[in-house]
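Take a look at the structure below.
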Amino acid sequence: MEQLWQSTGVANLGWGQVFMMMIGGLLIYLAIARKFEPLLLVPIGFGAILSNIPIAGIAGDQGLLGYIYHVGIETGVFPLLIFMGVGALTDFGALIAMPSTLILGAAAQFGIFITLLGALALNLVPGFDFTLADASAIAIIGGADGPTAIFLASRLAPELLGAIAVAAYSYMALVPIIQPPIMRLLTNKKERRVVMQQLRPVSKLEKILFPFVVLLLCVLFLPSAAPLIGMLTFGNLLRECGVVERLSRAAQNEIINIVTIMLGLAVGSKLSADSFLTVETLGILALGAFAFCIGTAAGVIMGKIMYRLTSGRVNPLIGAAGVSAVPMAARVVNKVGLESDHHNFLLMHAMGPNVAGVIGSAVAAGILLAVVGGAAQ
C-alpha cells in the first residue's frame with residue numbers, strides 16, 4: 001500500500017512544481033485570452049506543465065521532451081530552421097526601399113552590449129558567478145530574437161540555455177506590453193504623428209539579389225554569423241526567386257509550424273521547478289527585461305536623431321521596431337502611431353528596421369561568438 005501511495009502524484013508533488021504548473025497555465029491564459037504570441041506561449045506553457053508532473057520524467061534525458069530538447073535545442077538545429085522560415089515569410093522590400101533603417105536595427109542592438117556589462121556587474125552580488133561567455137549568452141536576449149538567443153547560448157553557455165530561452169521567448173511575447181510605454185515616454189505627440197512618405201517600389205531583381213549581397217557581406221566580414229544569416233537569406237531566396245513555390249510554402253508553413261511546436265515544448269521543458277527556481281534564473285530574467293527595454297529605447301532615440309536630421313520626415317516610433325521580434329514589433333509601432341493619428345499607418349515603414357533587427361541580432365551573435373567563443377577556445 002505504501003508503495004502504491006509513493007507512486008502517486010499527490011505524494012510526490014512539491015510546491016515548486018505546483019507553482020511552475022501555474023506559471024505554465026498563466027502563459028496559456030495569456031496566449032488564449034490576451035492573444036500574446038499564442039504560437040509560442042501555448043506549447044511553452046503546456047511544456048512547462050508536462051515537465052513538472054512528478055515521477056513521469058517527461059522532461060528528463062529519457063523522456064519525450066528531453067529527446068526533443070537534445071535533438072533540436074542543444075544542437076542548434078531548431079533556431080536555424082526557424083530562421084529559414086522567417087526568411088521565407090518576410091518581405092525585405094521595406095529595408096531595400098529605405099536602407100537607412102539599417103541604422104535603427106543596429107541601434108536597437110545596443111541593449112545587448114550594455115546588458116553584457118550588466119551581467120558581469122551582477123557577479124558583485126552574492127549567488128551570481130557569470131563568466132564572460134555566460135554574460136554574452138544572456139545579453140543576446142535584448143535583441144528579442146528567440147532563435148538567435150538559443151543558438152548563441154547552445155554555443156557559449158549550454159548550462160544556462162533553458163533559462164535564456166524561456167526569458168527570450170517570454171519577452172518576445174510581451175512586446176505589446178513592454179514597448180508602448182517606452183515609446184510614449186521618449187517621444188512627443190508631434191513626433192508620433194509624423195506621416196512618412198510612401199516607400200518606393202522594389203524590383204524583383206533587387207529582391208533576388210539582396211539575400212546574396214547580405215550573405216556575401218557576412219562571408220567577407222563575419223563568417224561566425226553565417227549559420228543564422230545563411231538560413232535567413234536562403235529562406236528569403238526561396239520566397240523571392242519565384243521558381244520553387246512548393247519549397248517556399250513548405251518553409252513558410254509546414255516546416256516552421258512543426259519546428260515551432262517542438263521548440264515551444266522543448267523550451268517549456270526547462271521550466272521544471274528544480275532547474276528554473278534558482279537565483280541565477282531570476283537574474284537572467286531581470287537582465288533580459290533590462291536588455292529588451294534598453295534595446296527598444298536605443299532604437300527610439302536613434303529614430304529621434306533621424307527625425308531631426310531629416311527635418312521631421314522620419315517618425316521616431318519606427319526605431320522601436322529595430323528589435324527583431326518580426327513582425328510583432330512592427331505591428332506595435334503601427335498601433336502606437338494610430339493612437340496619435342488614425343490615418344497614420346506605419347506598418348510597412350516599421351518593417352524596414354524590424355528586418356534590419358533580425359540581421360542585426362544575428363550579426364551581434366556572430367560578433368560575440370567570434371570574440372568570446374574564440375577566446376574561450
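Residue numbering restarts at 1 in every chain; chains get A, B, ... in the order shown in the C-alpha cells, and ligands count up from 1 in that same order.
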Query raised in the report: Running DSSP on the backbone, which parts of stretch 155-358 of chain A land in alpha helix (DSSP H), as a PyMOL selection string?
Result: chain A and resi 155-156+161-173+175-186+189-192+204-221+226-241+245-250+256-268+273-276+279-309+328-340+347-358
**Report entry** Nearby residues (only C-alpha atoms) at most 10 Å from stretch 233-236 of chain A, same-chain spacing under 5 positions excluded, as a list in words
**Finding:**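 Once the adjacent positions are removed, what remains is Leu81, Ile82, Phe83, Met84, Gly85, Val86, Gly87, Ala88, Leu89, Thr90, Asp91, Phe92, Lys207, Ile208, Phe210, Pro211, Phe212, Val213, Val214, Leu215, Ala226, Leu228, Cys241, Leu247, Ser248, Ala251, Gln252 and Ile359 of chain A.
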Report task. Please provide the set of residues having any atom within 12 Å of A:Gly76, restricted to only C-alpha atoms, with same-chain residues fewer than 2 positions apart removed, written as a ChimeraX atom specification. Result -> /A:68-74,78-83,146-156,158,161,165,227-228,259,263
What would the file look like if the residues just selected were written as a PDB file, in the first residue's frame with C-alpha atoms?
ATOM      1  CA  ILE A  68      13.272  16.922 -28.408  1.00  0.00           C
ATOM      2  CA  TYR A  69      15.417  19.338 -26.403  1.00  0.00           C
ATOM      3  CA  HIS A  70      18.598  17.415 -27.141  1.00  0.00           C
ATOM      4  CA  VAL A  71      17.927  16.940 -30.853  1.00  0.00           C
ATOM      5  CA  GLY A  72      16.668  20.434 -31.652  1.00  0.00           C
ATOM      6  CA  ILE A  73      17.872  22.887 -28.992  1.00  0.00           C
ATOM      7  CA  GLU A  74      21.246  21.633 -27.805  1.00  0.00           C
ATOM      8  CA  PHE A  78      15.686  24.363 -34.444  1.00  0.00           C
ATOM      9  CA  PRO A  79      16.882  28.008 -34.409  1.00  0.00           C
ATOM     10  CA  LEU A  80      18.402  27.616 -37.861  1.00  0.00           C
ATOM     11  CA  LEU A  81      15.218  26.090 -39.294  1.00  0.00           C
ATOM     12  CA  ILE A  82      13.201  28.893 -37.687  1.00  0.00           C
ATOM     13  CA  PHE A  83      15.482  31.432 -39.363  1.00  0.00           C
ATOM     14  CA  GLY A 146      14.453  33.685 -29.512  1.00  0.00           C
ATOM     15  CA  PRO A 147      16.193  31.570 -32.180  1.00  0.00           C
ATOM     16  CA  THR A 148      19.354  33.682 -32.019  1.00  0.00           C
ATOM     17  CA  ALA A 149      19.372  33.521 -28.213  1.00  0.00           C
ATOM     18  CA  ILE A 150      19.069  29.726 -28.316  1.00  0.00           C
ATOM     19  CA  PHE A 151      21.750  29.403 -31.000  1.00  0.00           C
ATOM     20  CA  LEU A 152      24.272  31.539 -29.104  1.00  0.00           C
ATOM     21  CA  ALA A 153      23.516  30.011 -25.700  1.00  0.00           C
ATOM     22  CA  SER A 154      23.966  26.490 -27.103  1.00  0.00           C
ATOM     23  CA  ARG A 155      27.482  27.515 -28.155  1.00  0.00           C
ATOM     24  CA  LEU A 156      28.591  29.688 -25.222  1.00  0.00           C
ATOM     25  CA  PRO A 158      24.658  25.441 -22.643  1.00  0.00           C
ATOM     26  CA  LEU A 161      20.259  27.619 -22.236  1.00  0.00           C
ATOM     27  CA  ALA A 165      15.387  30.513 -23.993  1.00  0.00           C
ATOM     28  CA  PRO A 227      24.707  29.760 -39.944  1.00  0.00           C
ATOM     29  CA  LEU A 228      21.993  32.264 -38.956  1.00  0.00           C
ATOM     30  CA  VAL A 259       9.603  23.291 -35.545  1.00  0.00           C
ATOM     31  CA  LEU A 263      10.789  24.248 -29.955  1.00  0.00           C
TER      32      LEU A 263
END
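Using only C-alpha atoms, the shortest contact distance between A:Met306 and any of A:Val42, A:Leu338, A:Ile103, A:Met172 is found at A:Ile103.
When only C-alpha atoms are used to measure the gap to A:Ser170, the shortest distance among A:Gly288, A:Pro99, A:Gly111, A:Gly105 belongs to A:Gly288.
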Query raised in the report: What is the distance between atom CA of A:Arg192 and atom CA of A:Val332, in Å to one decimal?
Result: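 We find that atom CA of A:Arg192 and atom CA of A:Val332 lie 12.8 Å from each other.
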Report summary line: Shortest contact to A:Gly66, candidates A:Ile53, A:Leu4, A:Leu117, A:Ala266, atoms counted only C-alpha atoms, goes to A:Ala266
Requested in this report: Could you please determine the separation between atom CA of A:Phe46 and atom CA of A:Cys293 in Å, to one decimal place?
Outcome: 27.5 Å
